[in-house]
>>> print(open('my_file_25.tsv').read())   # TSV, C-alpha atoms
chain	number	residue	atom	x	y	z
C	1220	MET	CA	-80.89	-148.63	-201.85
C	1221	HIS	CA	-80.68	-146.01	-199.11
C	1222	THR	CA	-84.19	-145.99	-197.61
C	1223	PRO	CA	-84.08	-145.33	-193.86
C	1224	SER	CA	-87.32	-145.35	-191.92
C	1225	SER	CA	-87.08	-141.58	-191.60
C	1226	LEU	CA	-84.84	-138.88	-192.97
C	1227	ALA	CA	-83.46	-136.28	-190.59
C	1228	ILE	CA	-80.94	-133.59	-191.45
C	1229	LEU	CA	-80.38	-135.19	-194.86
C	1230	PHE	CA	-81.26	-131.98	-196.63
C	1231	SER	CA	-82.28	-128.45	-195.72
C	1232	LEU	CA	-85.62	-127.02	-196.74
C	1233	LEU	CA	-85.17	-123.29	-196.89
C	1234	VAL	CA	-88.12	-121.31	-195.59
C	1235	ALA	CA	-87.90	-117.52	-195.59
C	1236	SER	CA	-84.11	-117.86	-195.86
C	1237	THR	CA	-83.99	-119.92	-192.66
C	1238	ALA	CA	-82.86	-123.54	-192.92
C	1239	ALA	CA	-85.30	-125.91	-191.25
C	1240	GLN	CA	-84.40	-129.52	-190.63
C	1241	THR	CA	-87.31	-131.69	-191.65
C	1242	CYS	CA	-87.94	-135.34	-190.82
C	1243	VAL	CA	-90.11	-137.27	-193.27
C	1244	ALA	CA	-90.74	-140.83	-194.34
C	1245	PRO	CA	-88.90	-141.41	-197.63
C	1246	THR	CA	-92.00	-142.70	-199.39
C	1247	SER	CA	-93.92	-139.54	-198.52
C	1248	LEU	CA	-91.47	-136.99	-199.90
C	1249	SER	CA	-92.94	-135.27	-202.97
C	1250	PHE	CA	-91.46	-132.47	-205.07
C	1251	THR	CA	-93.63	-129.84	-206.77
C	1252	SER	CA	-93.29	-126.60	-208.70
C	1253	SER	CA	-95.59	-123.59	-208.52
C	1254	GLY	CA	-95.23	-119.86	-209.09
C	1255	GLY	CA	-91.59	-120.14	-210.04
C	1256	LYS	CA	-90.65	-121.92	-206.82
C	1257	LEU	CA	-89.82	-125.50	-205.93
C	1258	ALA	CA	-91.18	-127.26	-202.88
C	1259	ALA	CA	-90.76	-130.54	-201.03
C	1260	ASN	CA	-93.94	-131.54	-199.23
C	1261	SER	CA	-95.19	-127.96	-199.69
C	1262	VAL	CA	-92.08	-126.44	-198.04
C	1263	ASN	CA	-89.97	-124.11	-200.22
C	1264	LEU	CA	-86.88	-125.86	-201.56
C	1265	ASP	CA	-83.75	-124.01	-202.69
C	1266	VAL	CA	-81.46	-126.06	-204.88
C	1267	LYS	CA	-77.72	-125.61	-205.29
C	1268	GLY	CA	-76.69	-128.16	-207.87
C	1269	ALA	CA	-73.77	-129.41	-209.92
C	1270	ASN	CA	-73.52	-131.38	-213.16
C	1271	TRP	CA	-71.26	-134.44	-213.37
C	1272	PHE	CA	-70.37	-135.29	-216.96
C	1273	GLY	CA	-69.09	-138.65	-218.18
C	1274	MET	CA	-71.82	-141.26	-217.97
C	1275	GLU	CA	-73.33	-140.07	-221.27
C	1276	TYR	CA	-70.20	-141.12	-223.21
C	1277	ASN	CA	-68.00	-143.19	-220.86
C	1278	LEU	CA	-70.79	-144.97	-219.00
C	1279	ALA	CA	-69.29	-143.61	-215.78
C	1280	PRO	CA	-68.73	-140.09	-214.45
C	1281	GLU	CA	-65.37	-138.43	-215.02
C	1282	GLY	CA	-62.78	-138.71	-212.26
C	1283	LEU	CA	-63.46	-142.24	-211.03
C	1284	ASN	CA	-60.10	-143.24	-212.51
C	1285	ARG	CA	-58.45	-140.97	-209.90
C	1286	ASN	CA	-60.63	-140.78	-206.79
C	1287	THR	CA	-63.42	-142.69	-205.11
C	1288	LEU	CA	-67.09	-142.07	-205.78
C	1289	ALA	CA	-67.43	-141.08	-202.12
C	1290	PHE	CA	-64.68	-138.45	-202.53
C	1291	TYR	CA	-66.73	-136.50	-205.08
C	1292	ILE	CA	-70.05	-136.79	-203.27
C	1293	ASP	CA	-68.34	-135.70	-200.04
C	1294	PHE	CA	-66.96	-132.67	-201.90
C	1295	LEU	CA	-70.47	-131.68	-202.97
C	1296	ALA	CA	-71.89	-132.06	-199.48
C	1297	THR	CA	-68.99	-130.22	-197.83
C	1298	ASN	CA	-69.42	-127.29	-200.20
C	1299	GLY	CA	-73.14	-126.90	-199.64
C	1300	PHE	CA	-74.50	-128.58	-202.77
C	1301	ASN	CA	-77.79	-130.40	-202.32
C	1302	ALA	CA	-78.41	-131.62	-205.88
C	1303	LEU	CA	-76.54	-133.47	-208.62
C	1304	ARG	CA	-77.50	-133.64	-212.30
C	1305	VAL	CA	-76.32	-136.87	-213.95
C	1306	PRO	CA	-76.30	-136.97	-217.77
C	1307	PHE	CA	-76.86	-140.28	-219.53
C	1308	ALA	CA	-77.35	-141.71	-223.02
C	1309	VAL	CA	-80.46	-143.63	-224.06
C	1310	GLU	CA	-78.13	-146.31	-225.45
C	1311	MET	CA	-77.08	-147.09	-221.87
C	1312	VAL	CA	-80.68	-147.79	-220.82
C	1313	VAL	CA	-81.60	-149.77	-223.93
C	1314	ASN	CA	-78.51	-151.97	-223.40
C	1315	PRO	CA	-78.46	-152.53	-219.62
C	1316	GLY	CA	-75.47	-154.85	-219.77
C	1317	LEU	CA	-73.06	-152.15	-220.94
C	1318	MET	CA	-70.00	-151.88	-218.73
C	1319	PRO	CA	-68.48	-148.56	-217.64
C	1320	ARG	CA	-65.19	-147.23	-218.94
C	1321	ASN	CA	-62.43	-145.28	-217.26
C	1322	ILE	CA	-62.95	-146.48	-213.68
C	1323	ASN	CA	-59.92	-147.37	-211.58
C	1324	TYR	CA	-61.17	-150.39	-209.68
C	1325	GLY	CA	-58.14	-150.29	-207.41
C	1326	VAL	CA	-59.44	-146.94	-206.18
C	1327	ASN	CA	-63.13	-147.95	-206.47
C	1328	PRO	CA	-63.24	-151.68	-205.65
C	1329	GLY	CA	-66.92	-151.44	-204.77
C	1330	LEU	CA	-67.72	-150.63	-208.40
C	1331	ALA	CA	-65.89	-153.64	-209.82
C	1332	GLY	CA	-68.13	-155.85	-211.95
C	1333	LYS	CA	-71.00	-153.36	-211.96
C	1334	THR	CA	-72.78	-152.36	-215.16
C	1335	ALA	CA	-73.24	-148.69	-216.01
C	1336	LEU	CA	-76.76	-148.74	-214.57
C	1337	GLN	CA	-75.47	-150.33	-211.38
C	1338	VAL	CA	-72.87	-147.56	-211.13
C	1339	LEU	CA	-75.78	-145.13	-211.40
C	1340	ASP	CA	-77.44	-147.03	-208.54
C	1341	ALA	CA	-74.28	-146.46	-206.49
C	1342	ILE	CA	-74.39	-142.73	-207.28
C	1343	PHE	CA	-77.97	-142.56	-206.01
C	1344	ASP	CA	-76.96	-144.42	-202.85
C	1345	GLU	CA	-73.95	-142.20	-202.13
C	1346	CYS	CA	-75.98	-139.05	-202.76
C	1347	ALA	CA	-78.83	-140.27	-200.55
C	1348	SER	CA	-76.47	-140.92	-197.66
C	1349	ARG	CA	-75.28	-137.30	-197.81
C	1350	GLY	CA	-78.60	-135.57	-198.39
C	1351	ILE	CA	-78.04	-134.84	-202.08
C	1352	LEU	CA	-80.89	-134.94	-204.57
C	1353	VAL	CA	-80.42	-136.40	-208.06
C	1354	VAL	CA	-81.74	-135.24	-211.44
C	1355	LEU	CA	-81.36	-137.55	-214.45
C	1356	ASP	CA	-80.62	-135.80	-217.75
C	1357	GLN	CA	-81.11	-137.32	-221.21
C	1358	HIS	CA	-77.95	-135.81	-222.66
C	1359	ARG	CA	-77.43	-138.06	-225.64
C	1360	LEU	CA	-79.21	-140.74	-227.63
C	1361	ALA	CA	-76.18	-142.76	-228.74
C	1362	LEU	CA	-73.02	-142.67	-226.67
C	1363	SER	CA	-71.12	-141.40	-229.72
C	1364	GLU	CA	-73.60	-138.65	-230.70
C	1365	GLU	CA	-72.33	-135.56	-228.92
C	1366	PHE	CA	-74.97	-132.87	-229.52
C	1367	PRO	CA	-78.29	-134.25	-230.83
C	1368	GLU	CA	-80.65	-131.50	-231.99
C	1369	LEU	CA	-83.83	-133.47	-231.38
C	1370	TRP	CA	-85.07	-135.91	-228.74
C	1371	TYR	CA	-85.03	-138.87	-231.17
C	1372	ASN	CA	-83.25	-140.08	-234.31
C	1373	SER	CA	-83.42	-142.92	-236.81
C	1374	GLN	CA	-81.87	-145.35	-234.32
C	1375	TYR	CA	-83.73	-144.28	-231.17
C	1376	SER	CA	-87.38	-143.47	-231.81
C	1377	GLU	CA	-89.59	-141.37	-229.55
C	1378	GLU	CA	-91.18	-144.60	-228.33
C	1379	THR	CA	-87.73	-145.90	-227.39
C	1380	VAL	CA	-87.07	-142.65	-225.52
C	1381	LYS	CA	-90.36	-143.01	-223.64
C	1382	ASN	CA	-89.50	-146.59	-222.72
C	1383	SER	CA	-86.05	-145.49	-221.56
C	1384	TRP	CA	-87.53	-142.87	-219.25
C	1385	SER	CA	-90.10	-145.32	-217.92
C	1386	THR	CA	-87.32	-147.80	-217.12
C	1387	LEU	CA	-85.28	-145.22	-215.22
C	1388	VAL	CA	-88.21	-143.71	-213.36
C	1389	ALA	CA	-89.39	-147.16	-212.25
C	1390	ARG	CA	-85.85	-148.05	-211.18
C	1391	TYR	CA	-85.32	-144.96	-209.03
C	1392	SER	CA	-88.79	-144.07	-207.76
C	1393	GLY	CA	-87.98	-145.87	-204.53
C	1394	TYR	CA	-85.16	-143.44	-203.78
C	1395	TRP	CA	-86.21	-140.53	-201.59
C	1396	ASN	CA	-83.61	-138.30	-203.30
C	1397	PHE	CA	-84.87	-138.72	-206.89
C	1398	LEU	CA	-85.61	-135.05	-207.58
C	1399	GLY	CA	-86.63	-135.34	-211.21
C	1400	VAL	CA	-85.94	-135.83	-214.90
C	1401	ASP	CA	-84.50	-133.41	-217.44
C	1402	LEU	CA	-86.24	-134.64	-220.58
C	1403	MET	CA	-83.58	-133.50	-223.06
C	1404	ASN	CA	-80.38	-131.55	-222.89
C	1405	GLU	CA	-80.33	-128.35	-224.96
C	1406	PRO	CA	-82.72	-128.81	-227.90
C	1407	HIS	CA	-81.40	-126.70	-230.77
C	1408	GLY	CA	-81.01	-126.54	-234.53
C	1409	ALA	CA	-84.06	-128.23	-236.04
C	1410	ALA	CA	-85.91	-128.18	-232.70
C	1411	SER	CA	-88.84	-125.73	-232.64
C	1412	TRP	CA	-91.45	-124.58	-230.12
C	1413	GLY	CA	-95.13	-124.09	-230.83
C	1414	THR	CA	-94.93	-124.75	-234.58
C	1415	GLY	CA	-97.20	-127.79	-234.47
C	1416	ASN	CA	-94.71	-129.81	-236.54
C	1417	LEU	CA	-94.75	-133.25	-234.92
C	1418	ALA	CA	-91.29	-134.00	-236.26
C	1419	ASN	CA	-89.52	-131.16	-234.46
C	1420	ASP	CA	-91.88	-129.29	-232.09
C	1421	TRP	CA	-90.10	-129.81	-228.79
C	1422	ARG	CA	-93.00	-128.40	-226.78
C	1423	LEU	CA	-95.35	-131.09	-228.06
C	1424	ALA	CA	-92.72	-133.78	-227.57
C	1425	ALA	CA	-92.08	-132.67	-224.00
C	1426	GLN	CA	-95.81	-132.92	-223.32
C	1427	ARG	CA	-96.00	-136.41	-224.80
C	1428	ILE	CA	-92.93	-137.72	-222.99
C	1429	GLY	CA	-93.74	-135.99	-219.70
C	1430	ASN	CA	-97.33	-137.22	-219.67
C	1431	ASP	CA	-96.15	-140.72	-220.58
C	1432	ILE	CA	-93.84	-140.72	-217.53
C	1433	ILE	CA	-96.71	-139.64	-215.28
C	1434	ALA	CA	-99.15	-142.17	-216.77
C	1435	ARG	CA	-96.79	-145.14	-216.59
C	1436	ASN	CA	-95.37	-144.27	-213.18
C	1437	PRO	CA	-98.22	-143.04	-210.96
C	1438	GLY	CA	-95.92	-143.19	-207.94
C	1439	PHE	CA	-93.39	-140.77	-209.46
C	1440	ARG	CA	-92.84	-138.03	-206.88
C	1441	GLY	CA	-90.27	-136.00	-208.81
C	1442	LEU	CA	-90.22	-133.05	-211.19
C	1443	ILE	CA	-90.19	-132.92	-214.98
C	1444	LEU	CA	-87.68	-130.40	-216.31
C	1445	VAL	CA	-88.20	-129.01	-219.81
C	1446	GLU	CA	-85.51	-126.95	-221.48
C	1447	GLY	CA	-86.16	-124.34	-224.16
C	1448	VAL	CA	-84.93	-124.27	-227.74
C	1449	ASN	CA	-82.45	-122.18	-229.71
C	1450	ASP	CA	-83.75	-119.88	-232.45
C	1451	ASN	CA	-87.44	-120.38	-233.23
C	1452	PRO	CA	-89.41	-119.47	-236.39
C	1453	THR	CA	-92.36	-118.09	-234.41
C	1454	CYS	CA	-93.17	-116.21	-231.20
C	1455	GLN	CA	-89.78	-114.68	-230.53
C	1456	ASP	CA	-88.19	-111.25	-230.83
C	1457	GLY	CA	-86.76	-111.19	-234.36
C	1458	ASN	CA	-84.36	-108.41	-233.44
C	1459	PHE	CA	-82.67	-110.40	-230.68
C	1460	ALA	CA	-79.55	-112.42	-231.42
C	1461	GLY	CA	-77.95	-114.60	-228.81
C	1462	PHE	CA	-80.15	-117.45	-227.67
C	1463	TRP	CA	-78.36	-120.35	-226.03
C	1464	TRP	CA	-79.14	-123.96	-226.93
C	1465	GLY	CA	-82.03	-124.86	-224.67
C	1466	GLY	CA	-82.28	-121.27	-223.41
C	1467	ASN	CA	-85.02	-119.70	-225.52
C	1468	PHE	CA	-88.37	-119.56	-223.71
C	1469	GLN	CA	-89.88	-116.58	-225.51
C	1470	PRO	CA	-92.22	-118.94	-227.43
C	1471	VAL	CA	-93.80	-119.99	-224.11
C	1472	ASN	CA	-95.75	-116.72	-224.38
C	1473	CYS	CA	-97.57	-118.32	-227.32
C	1474	ALA	CA	-97.59	-122.00	-226.38
C	1475	GLN	CA	-97.02	-123.54	-222.96
C	1476	VAL	CA	-96.22	-127.11	-222.01
C	1477	THR	CA	-99.28	-128.75	-220.46
C	1478	LEU	CA	-98.86	-131.84	-218.31
C	1479	SER	CA	-101.54	-133.96	-216.68
C	1480	ASN	CA	-100.02	-132.77	-213.39
C	1481	GLN	CA	-98.84	-129.22	-213.97
C	1482	GLN	CA	-97.15	-129.03	-210.57
C	1483	LYS	CA	-94.46	-131.36	-211.88
C	1484	LEU	CA	-93.42	-128.96	-214.67
C	1485	VAL	CA	-90.20	-126.94	-214.37
C	1486	TYR	CA	-88.98	-124.75	-217.24
C	1487	SER	CA	-85.20	-125.14	-217.17
C	1488	PRO	CA	-83.30	-122.65	-219.39
C	1489	HIS	CA	-79.62	-123.20	-220.11
C	1490	VAL	CA	-77.68	-119.95	-219.89
C	1491	TYR	CA	-73.92	-119.45	-219.80
C	1492	GLY	CA	-71.31	-116.71	-219.59
C	1493	PRO	CA	-68.86	-115.43	-222.22
C	1494	SER	CA	-66.37	-118.20	-221.44
C	1495	VAL	CA	-68.69	-120.61	-223.28
C	1496	TYR	CA	-69.60	-118.27	-226.16
C	1497	ASP	CA	-69.04	-114.54	-226.44
C	1498	HIS	CA	-72.46	-113.25	-227.47
C	1499	THR	CA	-72.48	-109.61	-228.55
C	1500	TYR	CA	-74.38	-108.49	-225.47
C	1501	PHE	CA	-71.40	-109.50	-223.31
C	1502	SER	CA	-69.25	-106.85	-225.05
C	1503	ALA	CA	-71.90	-104.09	-225.04
C	1504	SER	CA	-70.80	-100.77	-223.57
C	1505	ASN	CA	-73.36	-101.09	-220.75
C	1506	PHE	CA	-72.43	-104.68	-219.80
C	1507	PRO	CA	-73.28	-106.03	-217.23
C	1508	ALA	CA	-76.05	-103.50	-216.57
C	1509	ASN	CA	-77.76	-104.75	-219.74
C	1510	MET	CA	-78.17	-108.30	-218.43
C	1511	PRO	CA	-81.52	-107.92	-216.61
C	1512	ALA	CA	-83.15	-106.91	-219.91
C	1513	ILE	CA	-81.44	-109.77	-221.75
>>> encode(input="my_file_25.tsv", output="structure tokens")
Amino acid sequence: MHTPSSLAILFSLLVASTAAQTCVAPTSLSFTSSGGKLAANSVNLDVKGANWFGMEYNLAPEGLNRNTLAFYIDFLATNGFNALRVPFAVEMVVNPGLMPRNINYGVNPGLAGKTALQVLDAIFDECASRGILVVLDQHRLALSEEFPELWYNSQYSEETVKNSWSTLVARYSGYWNFLGVDLMNEPHGAASWGTGNLANDWRLAAQRIGNDIIARNPGFRGLILVEGVNDNPTCQDGNFAGFWWGGNFQPVNCAQVTLSNQQKLVYSPHVYGPSVYDHTYFSASNFPANMPAI
């Protein structure tokens, strides 16, 4: 674990658009959210992040069959990224002995013999050494289930999901660069917001899971990211077509997520361009001038 006695120049806290190098003890670094802004120890924090797919289905990020882990983390640091989102599957946490796939151990000898969770440890270490924060993202339940609509299924109950998060938060709370948790990737389909249906109301589930993380891990210094839903039966503009999975936050006007520590809450909409899906508003005659209203 990368835990130096103090951290200097490991990341930039941006204050009034001016980068300020800040030296803090790793155990005292705390991330908060307020008024639409993020902060680290009450200093505004701008985040430029990337997502690294692979661990949620291969038990290791893509590309480790070609280059070293350090190669990719160096690329992020060199290009000004200060955060990395790492997707995972609950199956990986429930079965901690699972071994990664698609790693070239000739290129990455330091990863030889490591389980998937130990590879995740190595990612945290490499990121910490280069001043890069890490967000963990529950992307899948089972490794083979590509796009789950809800946060649980018949194989992985909500209680199992809570236990999975508690395991990961406890494992990484000692890392200064543990920025937070993304509770579920892109709720959609059956997922609703503010309906009060315990089986599919993502808002209520996010409250339960988020508060469980806080209660079980009082030393957790990170953020809790909550994505939106897709179409919703209530509290949204019925004339609007084109919500992304995880991108609809109109229902927040009727029902907000409430955590025991509200400064940990970050609403995290997923929004893409026409290369992912060509919504009608991308081909409107006034595009892109129409985008602020969208």
>>> residues_around(input="my_file_25.tsv", residues="Asn1419 of chain C", least_positions_apart="6", cutoff="12 Å", atoms="only C-alpha atoms", output="PyMOL selection string")
chain C and resi 1368-1372+1377+1406-1413+1425+1448+1451-1452
>>> residues_around(input="my_file_25.tsv", residues="Pro1470 of chain C", least_positions_apart="4", cutoff="12 Å", atoms="all atoms listed in the file", output="ChimeraX atom specification")
/C:1411-1414,1420-1422,1447-1457,1466,1474-1476
>>> axis_aligned_box(input="my_file_25.tsv", around="segment 1490-1508 of chain C", padding_each_side="8 Å", output="JSON")
{"center_x": -72.0, "center_y": -110.7, "center_z": -222.6, "size_x": 27.3, "size_y": 35.8, "size_z": 28.0}
>>> closest_residue(input="my_file_25.tsv", among="C:Tyr1491, C:Phe1250, C:Phe1343, C:Tyr1276", to="Leu1288 of chain C", atoms="all atoms listed in the file")
C:Phe1343
>>> atom_distance(input="my_file_25.tsv", atom1="atom CA of Glu1378 of chain C", atom2="atom CA of Ile1432 of chain C")
11.8 Å
>>> residues_around(input="my_file_25.tsv", residues="Val1305 of chain C", least_positions_apart="5", cutoff="12 Å", atoms="all atoms listed in the file", output="PyMOL selection string")
chain C and resi 1268-1276+1278-1281+1336+1338-1340+1342-1343+1346+1352-1359+1397-1401+1404
>>> write_last_selection(input="my_file_25.tsv", atoms="C-alpha atoms", output="PDB file, in the frame of the given file")
ATOM      1  CA  GLY C1268     -76.690-128.160-207.870  1.00  0.00           C
ATOM      2  CA  ALA C1269     -73.770-129.410-209.920  1.00  0.00           C
ATOM      3  CA  ASN C1270     -73.520-131.380-213.160  1.00  0.00           C
ATOM      4  CA  TRP C1271     -71.260-134.440-213.370  1.00  0.00           C
ATOM      5  CA  PHE C1272     -70.370-135.290-216.960  1.00  0.00           C
ATOM      6  CA  GLY C1273     -69.090-138.650-218.180  1.00  0.00           C
ATOM      7  CA  MET C1274     -71.820-141.260-217.970  1.00  0.00           C
ATOM      8  CA  GLU C1275     -73.330-140.070-221.270  1.00  0.00           C
ATOM      9  CA  TYR C1276     -70.200-141.120-223.210  1.00  0.00           C
ATOM     10  CA  LEU C1278     -70.790-144.970-219.000  1.00  0.00           C
ATOM     11  CA  ALA C1279     -69.290-143.610-215.780  1.00  0.00           C
ATOM     12  CA  PRO C1280     -68.730-140.090-214.450  1.00  0.00           C
ATOM     13  CA  GLU C1281     -65.370-138.430-215.020  1.00  0.00           C
ATOM     14  CA  LEU C1336     -76.760-148.740-214.570  1.00  0.00           C
ATOM     15  CA  VAL C1338     -72.870-147.560-211.130  1.00  0.00           C
ATOM     16  CA  LEU C1339     -75.780-145.130-211.400  1.00  0.00           C
ATOM     17  CA  ASP C1340     -77.440-147.030-208.540  1.00  0.00           C
ATOM     18  CA  ILE C1342     -74.390-142.730-207.280  1.00  0.00           C
ATOM     19  CA  PHE C1343     -77.970-142.560-206.010  1.00  0.00           C
ATOM     20  CA  CYS C1346     -75.980-139.050-202.760  1.00  0.00           C
ATOM     21  CA  LEU C1352     -80.890-134.940-204.570  1.00  0.00           C
ATOM     22  CA  VAL C1353     -80.420-136.400-208.060  1.00  0.00           C
ATOM     23  CA  VAL C1354     -81.740-135.240-211.440  1.00  0.00           C
ATOM     24  CA  LEU C1355     -81.360-137.550-214.450  1.00  0.00           C
ATOM     25  CA  ASP C1356     -80.620-135.800-217.750  1.00  0.00           C
ATOM     26  CA  GLN C1357     -81.110-137.320-221.210  1.00  0.00           C
ATOM     27  CA  HIS C1358     -77.950-135.810-222.660  1.00  0.00           C
ATOM     28  CA  ARG C1359     -77.430-138.060-225.640  1.00  0.00           C
ATOM     29  CA  PHE C1397     -84.870-138.720-206.890  1.00  0.00           C
ATOM     30  CA  LEU C1398     -85.610-135.050-207.580  1.00  0.00           C
ATOM     31  CA  GLY C1399     -86.630-135.340-211.210  1.00  0.00           C
ATOM     32  CA  VAL C1400     -85.940-135.830-214.900  1.00  0.00           C
ATOM     33  CA  ASP C1401     -84.500-133.410-217.440  1.00  0.00           C
ATOM     34  CA  ASN C1404     -80.380-131.550-222.890  1.00  0.00           C
TER      35      ASN C1404
END
>>> closest_atom_pairs(input="my_file_25.tsv", of="segment 1396-1474 of chain C", to="segment 1252-1262 of chain C", cutoff="10 Å", atoms="all atoms listed in the file", output="CSV")
residue,atom,partner,partner_atom,distance
C:Leu1398,CA,C:Ala1259,CA,9.5
C:Arg1440,CA,C:Ala1259,CA,9.7
C:Gly1441,CA,C:Ala1259,CA,9.5
C:Leu1442,CA,C:Ser1252,CA,7.6
C:Ile1443,CA,C:Ser1252,CA,9.4
>>> closest_residue(input="my_file_25.tsv", among="C:Asn1284, C:Asn1472, C:Met1318, C:Gly1350", to="Val1266 of chain C", atoms="only C-alpha atoms")
C:Gly1350
>>> closest_residue(input="my_file_25.tsv", among="C:Pro1315, C:Pro1437, C:Gly1461, C:Gly1332", to="His1498 of chain C", atoms="all atoms listed in the file")
C:Gly1461
>>> closest_residue(input="my_file_25.tsv", among="C:Leu1402, C:Leu1330, C:Val1380, C:Ala1503", to="Leu1283 of chain C", atoms="only C-alpha atoms")
C:Leu1330
>>> closest_residue(input="my_file_25.tsv", among="C:Leu1264, C:Ala1289, C:Ala1418, C:Val1326", to="Ala1302 of chain C", atoms="all atoms listed in the file")
C:Leu1264
>>> closest_residue(input="my_file_25.tsv", among="C:Leu1423, C:Val1471, C:Ile1513, C:Ala1508", to="Val1490 of chain C", atoms="only C-alpha atoms")
C:Ile1513
>>> atom_distance(input="my_file_25.tsv", atom1="atom CA of Tyr1394 of chain C", atom2="atom CA of Pro1328 of chain C")
23.5 Å
>>> residues_around(input="my_file_25.tsv", residues="Thr1499 of chain C", least_positions_apart="6", cutoff="12 Å", atoms="all atoms listed in the file", output="VMD selection string")
chain C and resid 1459 to 1462 1492 to 1493 1505 to 1507 1509 to 1510 1513
>>> residues_near_point(input="my_file_25.tsv", point="(-84.7, -127.3, -219.4)", cutoff="6 Å", atoms="only C-alpha atoms", output="PyMOL selection string")
chain C and resi 1444-1447+1486-1488
>>> build_atoms(input="my_file_25.tsv", residues="segment 1364-1378 of chain C", atoms="N, CA, C and O atoms", output="compact mmCIF listing (two decimals), keeping the file's coordinate frame")
# COMPACT_ATOMS: atom_id res chain seq x y z
N GLU C 1364 -72.97 -139.83 -230.09
CA GLU C 1364 -73.60 -138.65 -230.70
C GLU C 1364 -73.56 -137.50 -229.71
O GLU C 1364 -74.33 -137.43 -228.76
N GLU C 1365 -72.64 -136.55 -229.94
CA GLU C 1365 -72.33 -135.56 -228.92
C GLU C 1365 -73.45 -134.55 -228.67
O GLU C 1365 -73.82 -134.31 -227.52
N PHE C 1366 -74.00 -133.94 -229.73
CA PHE C 1366 -74.97 -132.87 -229.52
C PHE C 1366 -76.22 -133.08 -230.38
O PHE C 1366 -76.42 -132.40 -231.39
N PRO C 1367 -77.07 -134.04 -230.03
CA PRO C 1367 -78.29 -134.25 -230.83
C PRO C 1367 -79.19 -133.01 -230.78
O PRO C 1367 -79.35 -132.39 -229.73
N GLU C 1368 -79.76 -132.66 -231.93
CA GLU C 1368 -80.65 -131.50 -231.99
C GLU C 1368 -82.03 -131.83 -231.47
O GLU C 1368 -82.69 -130.98 -230.85
N LEU C 1369 -82.48 -133.05 -231.73
CA LEU C 1369 -83.83 -133.47 -231.38
C LEU C 1369 -83.79 -134.59 -230.34
O LEU C 1369 -82.74 -135.15 -230.04
N TRP C 1370 -84.94 -134.92 -229.82
CA TRP C 1370 -85.07 -135.91 -228.74
C TRP C 1370 -85.07 -137.34 -229.25
O TRP C 1370 -85.11 -138.28 -228.45
N TYR C 1371 -85.00 -137.54 -230.56
CA TYR C 1371 -85.03 -138.87 -231.17
C TYR C 1371 -84.19 -138.82 -232.43
O TYR C 1371 -83.80 -137.74 -232.92
N ASN C 1372 -83.90 -140.00 -233.00
CA ASN C 1372 -83.25 -140.08 -234.31
C ASN C 1372 -83.67 -141.38 -234.98
O ASN C 1372 -84.58 -142.07 -234.49
N SER C 1373 -83.02 -141.73 -236.06
CA SER C 1373 -83.42 -142.92 -236.81
C SER C 1373 -83.14 -144.21 -236.03
O SER C 1373 -83.78 -145.23 -236.26
N GLN C 1374 -82.21 -144.16 -235.09
CA GLN C 1374 -81.87 -145.35 -234.32
C GLN C 1374 -82.70 -145.45 -233.04
O GLN C 1374 -83.08 -146.55 -232.62
N TYR C 1375 -82.99 -144.31 -232.43
CA TYR C 1375 -83.73 -144.28 -231.17
C TYR C 1375 -84.99 -143.44 -231.37
O TYR C 1375 -84.95 -142.21 -231.39
N SER C 1376 -86.10 -144.13 -231.53
CA SER C 1376 -87.38 -143.47 -231.81
C SER C 1376 -87.92 -142.80 -230.55
O SER C 1376 -87.43 -143.03 -229.43
N GLU C 1377 -88.96 -141.99 -230.71
CA GLU C 1377 -89.59 -141.37 -229.55
C GLU C 1377 -90.14 -142.45 -228.61
O GLU C 1377 -90.08 -142.29 -227.39
N GLU C 1378 -90.65 -143.52 -229.17
CA GLU C 1378 -91.18 -144.60 -228.33
C GLU C 1378 -90.06 -145.23 -227.50
O GLU C 1378 -90.25 -145.56 -226.32
